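Asker: If you scroll down you'll find the structure; I have some questions about it.
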Amino acid sequence: MQTPLPPVSLNTSNGFRGVAAACRITGAAVFALLLLALAGCASTIDAKVTRFNQWPADATGQTFSFTAPAAGRELELRAYQTLAARELQTRGLVPSPEGRAGRFLVDVQASQDERQRTQLVPVYVDDWVYVPAWRDPSRHYGGYWVQERFGSRYVGDREVTRTVQASELRLRISDQGDSTGKTVFDASAVQESPSDDLAEVMPFLMQGIFQDFPGANGQVRRMRFELPKR
């Protein structure tokens with residue numbers, strides 16, 4: 001927390017007055033402002049979704065299967081594969097029989113890393129006015145400070161750097177019916193926040209990847225999702 005500035009006295013044509021300035025930005029306030037900037041608000045998730053595709057016209061009714069999940073993350077990645085499978089079936093694809101490869105091979109990867117983000121946050125100052133001492137016939141009143149009636153005054157922005165967690169979902173689909181096994185869909189969804197709960201945001205990132213599937217080739221969209229009330 002920044003130490004408030006000491007009172008500063010000013011002379012005006014109306015008599016002696018003083019002004020005390022105090023910086024209103026504390027560590028907690030800065031953190032709250034960054035939450036708003038990075039996540040929209042406490043009840044939403046913002047994501048950047050990038051998609052490339054060359055989706056075949058005859059895909060409806062074709063089968064799909066998944067690549068083997070990375071060792072040590074089998075349970076986690078299979079949970080994300082289940083999310084993807086639901087989306088693919090909604091869009092007309094069919095899971096291949098167990099133990100058999102589908103025409104479309106789907107690779108699902110999820111990761112999280114720390115990133116440094118610098119944000120500009122507003123700084124406000126409290127203006128204080130000194131009321132001079134006075135006396136009436138029976139009593140003497142000492143001077144005192146009162147806050148200016150117009151409230152805090154904006155004085156500019158301050159750069160603040162914070163560590164955020166970048167959660168990323170990557171989904172690639174290759175067409176095994178093609179002799180080259182070429183990639184026909186490649187998408188990523190990224191969300192940044194102070195939270196490191198990767199599993200919590202995955203359903204929303206998956207939803208973002210499949211929204212208006214397959215989408216325009218080279219499309220970049222920013223999406224906002226409402227979190228369920230707790």
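To be explicit about the labels: the chains of the structure tokens are called A, B, and onward in the order shown, and within each one the residues are counted from 1, while ligands get numbers from 1 in the order they are shown.
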What are the closest atom pairs, with distances in Å to one decimal, for each residue of stretch 123-173 of chain A lying within 12 Å of stretch 81-88 of chain A, using only C-alpha atoms, rows by chain and rising residue number, as JSON lines?

Answerer:
```
{"residue": "A:Leu169", "atom": "CA", "partner": "A:Ala84", "partner_atom": "CA", "distance": 11.0}
{"residue": "A:Arg170", "atom": "CA", "partner": "A:Ala84", "partner_atom": "CA", "distance": 11.0}
{"residue": "A:Leu171", "atom": "CA", "partner": "A:Ala84", "partner_atom": "CA", "distance": 8.7}
{"residue": "A:Arg172", "atom": "CA", "partner": "A:Ala84", "partner_atom": "CA", "distance": 10.9}
{"residue": "A:Ile173", "atom": "CA", "partner": "A:Leu88", "partner_atom": "CA", "distance": 10.7}
```

Asker: Identify, with DSSP run on backbone atoms, the residues in stretch 62-191 of chain A assigned to alpha helix (DSSP H), and express the list as a PyMOL selection string.

Answerer: chain A and resi 74-90

Asker: In Å, how far is it from atom CA of A:Asp196 to atom CA of A:Thr50?

Answerer: 21.7 Å

Asker: For A:Thr90, which residue among A:Gly218, A:Val123, A:Thr60, A:Glu76 is the nearest when counting only C-alpha atoms?

Answerer: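 Selected residue with least distance to A:Thr90: A:Thr60.
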
Asker: Considering only C-alpha atoms, return as a list of chain:residue names whatever protein or nucleic-acid residues lie within 12 Å of A:Asp186, sequence-local ones (same chain, fewer than 5 positions apart) excluded.

Answerer: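 In the requested format, the answer is A:Val49, A:Thr50, A:Arg51, A:Phe52, A:Asn53, A:Gln54, A:Trp55, A:Leu105, A:Val106, A:Asp107, A:Val108, A:Gln109, A:Leu169, A:Arg170, A:Leu171, A:Arg172, A:Ile173, A:Ser174, A:Asp175, A:Ile209, A:Phe210, A:Phe213, A:Pro214, A:Gly215, A:Ala216, A:Asn217, A:Gly218, A:Gln219.
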
Asker: Pick out the closest residue to A:Arg158 from this set: A:Leu120, A:Met223, A:Val129, A:Ile45. Count only C-alpha atoms.

Answerer: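 Residue with the minimum atom-to-atom distance to A:Arg158: A:Leu120.
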
Asker: Would you pick out the contacts of A:Glu114 at 9 Å or less, using only C-alpha atoms, so that residues sharing its chain but fewer than 3 positions from it are not included, and give the list as a list in words?

Answerer: Thr163, Val164, Gln165 and Ala166 of chain A

Asker: Of the residues A:Arg149, A:Val94, A:Phe104, A:Gln211, which is the one nearest to A:Gly181, using only C-alpha atoms?

Answerer: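 That would be A:Phe104, the residue with the smallest distance to A:Gly181.
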
Asker: What is the distance between atom CA of A:Thr161 and atom CA of A:Gln116, in Å to one decimal?

Answerer: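 Computed distance, atom CA of A:Thr161 to atom CA of A:Gln116, equals 6.6 Å.
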
Asker: Between A:Pro132, A:Gly177, A:Gly143, A:Gly102, which has the minimum distance to A:Pro56 (counting only C-alpha atoms)?

Answerer: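 Smallest distance to A:Pro56 is found for A:Gly177.
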
Asker: Please give the complete set of residues from stretch 42-211 of chain A that DSSP, run on the backbone, assigns to strand (DSSP E), formatted as a PDB file with N, CA and C atoms, in the first residue's frame.

Answerer:
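result_35.pdb written:
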```
ATOM      1  N   THR A  44     -17.887 -13.999 -15.821  1.00  0.00           N
ATOM      2  CA  THR A  44     -17.677 -14.325 -17.228  1.00  0.00           C
ATOM      3  C   THR A  44     -16.262 -14.833 -17.477  1.00  0.00           C
ATOM      4  N   ILE A  45     -16.106 -15.509 -18.610  1.00  0.00           N
ATOM      5  CA  ILE A  45     -14.795 -15.935 -19.096  1.00  0.00           C
ATOM      6  C   ILE A  45     -14.634 -15.397 -20.507  1.00  0.00           C
ATOM      7  N   ASP A  46     -13.528 -14.712 -20.761  1.00  0.00           N
ATOM      8  CA  ASP A  46     -13.219 -14.216 -22.096  1.00  0.00           C
ATOM      9  C   ASP A  46     -12.170 -15.119 -22.731  1.00  0.00           C
ATOM     10  N   ALA A  47     -12.340 -15.436 -23.998  1.00  0.00           N
ATOM     11  CA  ALA A  47     -11.406 -16.315 -24.692  1.00  0.00           C
ATOM     12  C   ALA A  47     -11.132 -15.788 -26.090  1.00  0.00           C
ATOM     13  N   LYS A  48      -9.904 -16.013 -26.549  1.00  0.00           N
ATOM     14  CA  LYS A  48      -9.515 -15.711 -27.922  1.00  0.00           C
ATOM     15  C   LYS A  48      -9.444 -17.030 -28.679  1.00  0.00           C
ATOM     16  N   VAL A  49     -10.254 -17.158 -29.717  1.00  0.00           N
ATOM     17  CA  VAL A  49     -10.348 -18.406 -30.474  1.00  0.00           C
ATOM     18  C   VAL A  49      -9.851 -18.169 -31.894  1.00  0.00           C
ATOM     19  N   THR A  50      -8.905 -18.999 -32.322  1.00  0.00           N
ATOM     20  CA  THR A  50      -8.340 -18.924 -33.673  1.00  0.00           C
ATOM     21  C   THR A  50      -8.602 -20.248 -34.383  1.00  0.00           C
ATOM     22  N   ARG A  51      -9.118 -20.175 -35.621  1.00  0.00           N
ATOM     23  CA  ARG A  51      -9.454 -21.410 -36.347  1.00  0.00           C
ATOM     24  C   ARG A  51      -8.987 -21.347 -37.796  1.00  0.00           C
ATOM     25  N   PHE A  52      -8.445 -22.486 -38.253  1.00  0.00           N
ATOM     26  CA  PHE A  52      -8.106 -22.696 -39.655  1.00  0.00           C
ATOM     27  C   PHE A  52      -8.763 -24.002 -40.086  1.00  0.00           C
ATOM     28  N   ASN A  53      -9.310 -24.017 -41.295  1.00  0.00           N
ATOM     29  CA  ASN A  53      -9.935 -25.263 -41.712  1.00  0.00           C
ATOM     30  C   ASN A  53     -10.010 -25.382 -43.228  1.00  0.00           C
ATOM     31  N   THR A  63     -16.742 -41.343 -39.434  1.00  0.00           N
ATOM     32  CA  THR A  63     -16.305 -41.706 -38.087  1.00  0.00           C
ATOM     33  C   THR A  63     -15.099 -40.879 -37.649  1.00  0.00           C
ATOM     34  N   PHE A  64     -14.908 -40.823 -36.322  1.00  0.00           N
ATOM     35  CA  PHE A  64     -13.742 -40.144 -35.757  1.00  0.00           C
ATOM     36  C   PHE A  64     -13.203 -40.949 -34.585  1.00  0.00           C
ATOM     37  N   SER A  65     -11.936 -40.766 -34.314  1.00  0.00           N
ATOM     38  CA  SER A  65     -11.276 -41.357 -33.154  1.00  0.00           C
ATOM     39  C   SER A  65     -10.235 -40.364 -32.646  1.00  0.00           C
ATOM     40  N   PHE A  66      -9.656 -40.663 -31.489  1.00  0.00           N
ATOM     41  CA  PHE A  66      -8.712 -39.740 -30.860  1.00  0.00           C
ATOM     42  C   PHE A  66      -7.302 -40.315 -30.829  1.00  0.00           C
ATOM     43  N   VAL A  94     -19.561 -39.541 -36.217  1.00  0.00           N
ATOM     44  CA  VAL A  94     -19.901 -40.738 -35.456  1.00  0.00           C
ATOM     45  C   VAL A  94     -18.628 -41.322 -34.837  1.00  0.00           C
ATOM     46  N   PRO A  95     -18.667 -41.684 -33.536  1.00  0.00           N
ATOM     47  CA  PRO A  95     -17.480 -42.311 -32.939  1.00  0.00           C
ATOM     48  C   PRO A  95     -17.179 -43.638 -33.624  1.00  0.00           C
ATOM     49  N   PHE A 104     -11.583 -39.562 -39.338  1.00  0.00           N
ATOM     50  CA  PHE A 104     -10.998 -38.336 -38.790  1.00  0.00           C
ATOM     51  C   PHE A 104     -10.281 -38.650 -37.486  1.00  0.00           C
ATOM     52  N   LEU A 105      -9.027 -38.257 -37.414  1.00  0.00           N
ATOM     53  CA  LEU A 105      -8.231 -38.448 -36.205  1.00  0.00           C
ATOM     54  C   LEU A 105      -8.147 -37.112 -35.473  1.00  0.00           C
ATOM     55  N   VAL A 106      -8.586 -37.114 -34.226  1.00  0.00           N
ATOM     56  CA  VAL A 106      -8.701 -35.883 -33.444  1.00  0.00           C
ATOM     57  C   VAL A 106      -7.629 -35.863 -32.360  1.00  0.00           C
ATOM     58  N   ASP A 107      -6.878 -34.779 -32.305  1.00  0.00           N
ATOM     59  CA  ASP A 107      -5.837 -34.610 -31.295  1.00  0.00           C
ATOM     60  C   ASP A 107      -6.228 -33.432 -30.395  1.00  0.00           C
ATOM     61  N   VAL A 108      -6.342 -33.705 -29.101  1.00  0.00           N
ATOM     62  CA  VAL A 108      -6.733 -32.683 -28.124  1.00  0.00           C
ATOM     63  C   VAL A 108      -5.571 -32.464 -27.156  1.00  0.00           C
ATOM     64  N   GLN A 109      -5.122 -31.224 -27.034  1.00  0.00           N
ATOM     65  CA  GLN A 109      -4.044 -30.870 -26.122  1.00  0.00           C
ATOM     66  C   GLN A 109      -4.476 -29.678 -25.268  1.00  0.00           C
ATOM     67  N   ALA A 110      -4.074 -29.698 -24.008  1.00  0.00           N
ATOM     68  CA  ALA A 110      -4.391 -28.600 -23.095  1.00  0.00           C
ATOM     69  C   ALA A 110      -3.134 -28.232 -22.330  1.00  0.00           C
ATOM     70  N   SER A 111      -2.913 -26.946 -22.154  1.00  0.00           N
ATOM     71  CA  SER A 111      -1.706 -26.498 -21.458  1.00  0.00           C
ATOM     72  C   SER A 111      -1.986 -25.217 -20.691  1.00  0.00           C
ATOM     73  N   GLN A 112      -1.058 -24.914 -19.803  1.00  0.00           N
ATOM     74  CA  GLN A 112      -1.171 -23.676 -19.021  1.00  0.00           C
ATOM     75  C   GLN A 112       0.228 -23.169 -18.707  1.00  0.00           C
ATOM     76  N   ASP A 113       0.435 -21.871 -18.851  1.00  0.00           N
ATOM     77  CA  ASP A 113       1.729 -21.291 -18.526  1.00  0.00           C
ATOM     78  C   ASP A 113       1.551 -19.888 -17.968  1.00  0.00           C
ATOM     79  N   GLU A 114       2.577 -19.431 -17.273  1.00  0.00           N
ATOM     80  CA  GLU A 114       2.545 -18.099 -16.681  1.00  0.00           C
ATOM     81  C   GLU A 114       3.000 -17.058 -17.697  1.00  0.00           C
ATOM     82  N   ARG A 115       2.321 -15.923 -17.677  1.00  0.00           N
ATOM     83  CA  ARG A 115       2.696 -14.816 -18.544  1.00  0.00           C
ATOM     84  C   ARG A 115       2.650 -13.523 -17.742  1.00  0.00           C
ATOM     85  N   GLN A 116       3.504 -12.591 -18.142  1.00  0.00           N
ATOM     86  CA  GLN A 116       3.517 -11.280 -17.510  1.00  0.00           C
ATOM     87  C   GLN A 116       2.685 -10.316 -18.350  1.00  0.00           C
ATOM     88  N   ARG A 117       1.779  -9.628 -17.707  1.00  0.00           N
ATOM     89  CA  ARG A 117       0.926  -8.666 -18.397  1.00  0.00           C
ATOM     90  C   ARG A 117       1.015  -7.326 -17.692  1.00  0.00           C
ATOM     91  N   THR A 118       1.244  -6.287 -18.473  1.00  0.00           N
ATOM     92  CA  THR A 118       1.284  -4.927 -17.938  1.00  0.00           C
ATOM     93  C   THR A 118      -0.014  -4.223 -18.292  1.00  0.00           C
ATOM     94  N   GLN A 119      -0.668  -3.693 -17.276  1.00  0.00           N
ATOM     95  CA  GLN A 119      -1.942  -3.012 -17.474  1.00  0.00           C
ATOM     96  C   GLN A 119      -1.850  -1.579 -16.951  1.00  0.00           C
ATOM     97  N   LEU A 120      -2.597  -0.692 -17.583  1.00  0.00           N
ATOM     98  CA  LEU A 120      -2.736   0.668 -17.066  1.00  0.00           C
ATOM     99  C   LEU A 120      -3.955   0.714 -16.154  1.00  0.00           C
ATOM    100  N   VAL A 121      -3.742   1.161 -14.926  1.00  0.00           N
ATOM    101  CA  VAL A 121      -4.857   1.290 -13.990  1.00  0.00           C
ATOM    102  C   VAL A 121      -4.989   2.750 -13.577  1.00  0.00           C
ATOM    103  N   PRO A 122      -6.207   3.233 -13.390  1.00  0.00           N
ATOM    104  CA  PRO A 122      -6.389   4.644 -13.035  1.00  0.00           C
ATOM    105  C   PRO A 122      -5.974   4.928 -11.595  1.00  0.00           C
ATOM    106  N   VAL A 123      -5.457   6.120 -11.392  1.00  0.00           N
ATOM    107  CA  VAL A 123      -5.067   6.579 -10.058  1.00  0.00           C
ATOM    108  C   VAL A 123      -5.927   7.778  -9.695  1.00  0.00           C
ATOM    109  N   TYR A 124      -6.490   7.733  -8.485  1.00  0.00           N
ATOM    110  CA  TYR A 124      -7.329   8.828  -7.999  1.00  0.00           C
ATOM    111  C   TYR A 124      -6.709   9.447  -6.759  1.00  0.00           C
ATOM    112  N   VAL A 125      -6.976  10.698  -6.565  1.00  0.00           N
ATOM    113  CA  VAL A 125      -6.456  11.433  -5.413  1.00  0.00           C
ATOM    114  C   VAL A 125      -7.628  12.044  -4.653  1.00  0.00           C
ATOM    115  N   TRP A 128      -8.429  17.331   0.008  1.00  0.00           N
ATOM    116  CA  TRP A 128      -8.911  17.729   1.334  1.00  0.00           C
ATOM    117  C   TRP A 128      -8.816  19.249   1.474  1.00  0.00           C
ATOM    118  N   VAL A 129      -9.756  19.790   2.147  1.00  0.00           N
ATOM    119  CA  VAL A 129      -9.831  21.239   2.354  1.00  0.00           C
ATOM    120  C   VAL A 129      -9.680  21.535   3.848  1.00  0.00           C
ATOM    121  N   TYR A 130      -8.832  22.515   4.152  1.00  0.00           N
ATOM    122  CA  TYR A 130      -8.623  22.890   5.548  1.00  0.00           C
ATOM    123  C   TYR A 130      -9.585  24.000   5.935  1.00  0.00           C
ATOM    124  N   VAL A 131     -10.347  23.742   6.975  1.00  0.00           N
ATOM    125  CA  VAL A 131     -11.255  24.762   7.512  1.00  0.00           C
ATOM    126  C   VAL A 131     -10.520  25.465   8.657  1.00  0.00           C
ATOM    127  N   TRP A 134     -11.791  29.246  14.151  1.00  0.00           N
ATOM    128  CA  TRP A 134     -12.566  30.468  14.346  1.00  0.00           C
ATOM    129  C   TRP A 134     -13.126  30.468  15.769  1.00  0.00           C
ATOM    130  N   ARG A 135     -13.644  31.592  16.187  1.00  0.00           N
ATOM    131  CA  ARG A 135     -14.239  31.690  17.515  1.00  0.00           C
ATOM    132  C   ARG A 135     -15.508  32.510  17.449  1.00  0.00           C
ATOM    133  N   HIS A 140     -13.883  28.911  21.319  1.00  0.00           N
ATOM    134  CA  HIS A 140     -12.916  28.880  20.221  1.00  0.00           C
ATOM    135  C   HIS A 140     -12.968  27.501  19.544  1.00  0.00           C
ATOM    136  N   TYR A 141     -13.008  27.502  18.217  1.00  0.00           N
ATOM    137  CA  TYR A 141     -13.059  26.248  17.451  1.00  0.00           C
ATOM    138  C   TYR A 141     -11.748  26.073  16.680  1.00  0.00           C
ATOM    139  N   TYR A 144      -9.706  22.187  11.096  1.00  0.00           N
ATOM    140  CA  TYR A 144      -9.757  20.754  10.797  1.00  0.00           C
ATOM    141  C   TYR A 144      -9.804  20.561   9.274  1.00  0.00           C
ATOM    142  N   TRP A 145      -9.505  19.308   8.863  1.00  0.00           N
ATOM    143  CA  TRP A 145      -9.521  18.938   7.449  1.00  0.00           C
ATOM    144  C   TRP A 145     -10.823  18.216   7.118  1.00  0.00           C
ATOM    145  N   VAL A 146     -11.364  18.513   5.959  1.00  0.00           N
ATOM    146  CA  VAL A 146     -12.550  17.797   5.463  1.00  0.00           C
ATOM    147  C   VAL A 146     -12.305  17.414   4.001  1.00  0.00           C
ATOM    148  N   GLN A 147     -12.896  16.307   3.596  1.00  0.00           N
ATOM    149  CA  GLN A 147     -12.727  15.879   2.212  1.00  0.00           C
ATOM    150  C   GLN A 147     -13.515  16.795   1.284  1.00  0.00           C
ATOM    151  N   ARG A 153     -10.377  12.699  -7.326  1.00  0.00           N
ATOM    152  CA  ARG A 153     -10.033  13.298  -8.609  1.00  0.00           C
ATOM    153  C   ARG A 153      -9.068  12.386  -9.360  1.00  0.00           C
ATOM    154  N   TYR A 154      -9.391  12.121 -10.621  1.00  0.00           N
ATOM    155  CA  TYR A 154      -8.536  11.294 -11.473  1.00  0.00           C
ATOM    156  C   TYR A 154      -7.290  12.078 -11.865  1.00  0.00           C
ATOM    157  N   VAL A 155      -6.106  11.466 -11.657  1.00  0.00           N
ATOM    158  CA  VAL A 155      -4.861  12.182 -11.931  1.00  0.00           C
ATOM    159  C   VAL A 155      -3.988  11.476 -12.977  1.00  0.00           C
ATOM    160  N   GLY A 156      -4.451  10.363 -13.529  1.00  0.00           N
ATOM    161  CA  GLY A 156      -3.667   9.679 -14.552  1.00  0.00           C
ATOM    162  C   GLY A 156      -3.678   8.177 -14.352  1.00  0.00           C
ATOM    163  N   ASP A 157      -2.827   7.488 -15.106  1.00  0.00           N
ATOM    164  CA  ASP A 157      -2.756   6.037 -15.050  1.00  0.00           C
ATOM    165  C   ASP A 157      -1.380   5.586 -14.572  1.00  0.00           C
ATOM    166  N   ARG A 158      -1.368   4.399 -14.017  1.00  0.00           N
ATOM    167  CA  ARG A 158      -0.121   3.793 -13.563  1.00  0.00           C
ATOM    168  C   ARG A 158       0.019   2.420 -14.197  1.00  0.00           C
ATOM    169  N   GLU A 159       1.262   2.080 -14.629  1.00  0.00           N
ATOM    170  CA  GLU A 159       1.510   0.743 -15.166  1.00  0.00           C
ATOM    171  C   GLU A 159       1.721  -0.235 -14.019  1.00  0.00           C
ATOM    172  N   VAL A 160       1.001  -1.343 -14.073  1.00  0.00           N
ATOM    173  CA  VAL A 160       1.123  -2.394 -13.066  1.00  0.00           C
ATOM    174  C   VAL A 160       1.325  -3.728 -13.776  1.00  0.00           C
ATOM    175  N   THR A 161       2.330  -4.479 -13.367  1.00  0.00           N
ATOM    176  CA  THR A 161       2.614  -5.781 -13.975  1.00  0.00           C
ATOM    177  C   THR A 161       2.182  -6.886 -13.025  1.00  0.00           C
ATOM    178  N   ARG A 162       1.432  -7.843 -13.571  1.00  0.00           N
ATOM    179  CA  ARG A 162       0.965  -8.974 -12.789  1.00  0.00           C
ATOM    180  C   ARG A 162       1.196 -10.267 -13.564  1.00  0.00           C
ATOM    181  N   THR A 163       1.340 -11.354 -12.840  1.00  0.00           N
ATOM    182  CA  THR A 163       1.468 -12.672 -13.448  1.00  0.00           C
ATOM    183  C   THR A 163       0.079 -13.259 -13.652  1.00  0.00           C
ATOM    184  N   VAL A 164      -0.207 -13.702 -14.863  1.00  0.00           N
ATOM    185  CA  VAL A 164      -1.489 -14.335 -15.150  1.00  0.00           C
ATOM    186  C   VAL A 164      -1.248 -15.756 -15.650  1.00  0.00           C
ATOM    187  N   GLN A 165      -2.280 -16.583 -15.549  1.00  0.00           N
ATOM    188  CA  GLN A 165      -2.220 -17.945 -16.059  1.00  0.00           C
ATOM    189  C   GLN A 165      -2.920 -17.986 -17.419  1.00  0.00           C
ATOM    190  N   ALA A 166      -2.208 -18.423 -18.429  1.00  0.00           N
ATOM    191  CA  ALA A 166      -2.787 -18.557 -19.766  1.00  0.00           C
ATOM    192  C   ALA A 166      -3.175 -20.020 -19.981  1.00  0.00           C
ATOM    193  N   SER A 167      -4.476 -20.278 -20.044  1.00  0.00           N
ATOM    194  CA  SER A 167      -4.988 -21.627 -20.295  1.00  0.00           C
ATOM    195  C   SER A 167      -5.274 -21.757 -21.782  1.00  0.00           C
ATOM    196  N   GLU A 168      -4.720 -22.802 -22.411  1.00  0.00           N
ATOM    197  CA  GLU A 168      -4.890 -22.970 -23.852  1.00  0.00           C
ATOM    198  C   GLU A 168      -5.397 -24.370 -24.181  1.00  0.00           C
ATOM    199  N   LEU A 169      -6.384 -24.411 -25.060  1.00  0.00           N
ATOM    200  CA  LEU A 169      -6.892 -25.662 -25.607  1.00  0.00           C
ATOM    201  C   LEU A 169      -6.570 -25.688 -27.092  1.00  0.00           C
ATOM    202  N   ARG A 170      -5.950 -26.776 -27.556  1.00  0.00           N
ATOM    203  CA  ARG A 170      -5.607 -26.924 -28.973  1.00  0.00           C
ATOM    204  C   ARG A 170      -6.278 -28.182 -29.505  1.00  0.00           C
ATOM    205  N   LEU A 171      -6.972 -28.068 -30.636  1.00  0.00           N
ATOM    206  CA  LEU A 171      -7.662 -29.217 -31.219  1.00  0.00           C
ATOM    207  C   LEU A 171      -7.358 -29.284 -32.711  1.00  0.00           C
ATOM    208  N   ARG A 172      -6.824 -30.435 -33.156  1.00  0.00           N
ATOM    209  CA  ARG A 172      -6.514 -30.649 -34.562  1.00  0.00           C
ATOM    210  C   ARG A 172      -7.261 -31.883 -35.056  1.00  0.00           C
ATOM    211  N   ILE A 173      -7.785 -31.784 -36.260  1.00  0.00           N
ATOM    212  CA  ILE A 173      -8.461 -32.924 -36.887  1.00  0.00           C
ATOM    213  C   ILE A 173      -7.793 -33.186 -38.226  1.00  0.00           C
ATOM    214  N   SER A 174      -7.329 -34.419 -38.415  1.00  0.00           N
ATOM    215  CA  SER A 174      -6.729 -34.795 -39.701  1.00  0.00           C
ATOM    216  C   SER A 174      -7.616 -35.822 -40.393  1.00  0.00           C
ATOM    217  N   ASP A 175      -7.605 -35.780 -41.709  1.00  0.00           N
ATOM    218  CA  ASP A 175      -8.455 -36.662 -42.526  1.00  0.00           C
ATOM    219  C   ASP A 175      -7.639 -37.873 -42.947  1.00  0.00           C
ATOM    220  N   THR A 183      -4.263 -32.180 -42.338  1.00  0.00           N
ATOM    221  CA  THR A 183      -5.063 -31.499 -41.310  1.00  0.00           C
ATOM    222  C   THR A 183      -6.190 -30.732 -41.991  1.00  0.00           C
ATOM    223  N   VAL A 184      -7.429 -30.954 -41.515  1.00  0.00           N
ATOM    224  CA  VAL A 184      -8.588 -30.266 -42.097  1.00  0.00           C
ATOM    225  C   VAL A 184      -9.213 -29.271 -41.124  1.00  0.00           C
ATOM    226  N   PHE A 185      -8.773 -29.328 -39.867  1.00  0.00           N
ATOM    227  CA  PHE A 185      -9.271 -28.367 -38.870  1.00  0.00           C
ATOM    228  C   PHE A 185      -8.202 -28.205 -37.811  1.00  0.00           C
ATOM    229  N   ASP A 186      -7.864 -26.951 -37.507  1.00  0.00           N
ATOM    230  CA  ASP A 186      -6.833 -26.649 -36.505  1.00  0.00           C
ATOM    231  C   ASP A 186      -7.279 -25.405 -35.753  1.00  0.00           C
ATOM    232  N   ALA A 187      -7.531 -25.573 -34.465  1.00  0.00           N
ATOM    233  CA  ALA A 187      -8.080 -24.448 -33.690  1.00  0.00           C
ATOM    234  C   ALA A 187      -7.424 -24.371 -32.321  1.00  0.00           C
ATOM    235  N   SER A 188      -7.380 -23.163 -31.781  1.00  0.00           N
ATOM    236  CA  SER A 188      -6.900 -22.949 -30.414  1.00  0.00           C
ATOM    237  C   SER A 188      -7.794 -21.935 -29.728  1.00  0.00           C
ATOM    238  N   ALA A 189      -7.929 -22.109 -28.428  1.00  0.00           N
ATOM    239  CA  ALA A 189      -8.684 -21.164 -27.598  1.00  0.00           C
ATOM    240  C   ALA A 189      -7.843 -20.850 -26.378  1.00  0.00           C
ATOM    241  N   VAL A 190      -7.651 -19.559 -26.103  1.00  0.00           N
ATOM    242  CA  VAL A 190      -6.785 -19.127 -25.008  1.00  0.00           C
ATOM    243  C   VAL A 190      -7.564 -18.205 -24.084  1.00  0.00           C
ATOM    244  N   GLN A 191      -7.391 -18.421 -22.787  1.00  0.00           N
ATOM    245  CA  GLN A 191      -8.021 -17.574 -21.786  1.00  0.00           C
ATOM    246  C   GLN A 191      -6.994 -17.215 -20.724  1.00  0.00           C
ATOM    247  N   GLU A 192      -6.926 -15.944 -20.346  1.00  0.00           N
ATOM    248  CA  GLU A 192      -5.984 -15.490 -19.339  1.00  0.00           C
ATOM    249  C   GLU A 192      -6.723 -15.007 -18.102  1.00  0.00           C
ATOM    250  N   SER A 193      -6.212 -15.408 -16.943  1.00  0.00           N
ATOM    251  CA  SER A 193      -6.804 -14.957 -15.684  1.00  0.00           C
ATOM    252  C   SER A 193      -5.814 -15.208 -14.562  1.00  0.00           C
TER     253      SER A 193
END
```

Asker: In Å, how far is it from atom CA of A:Ala68 to atom CA of A:Gln207?

Answerer: 21.9 Å
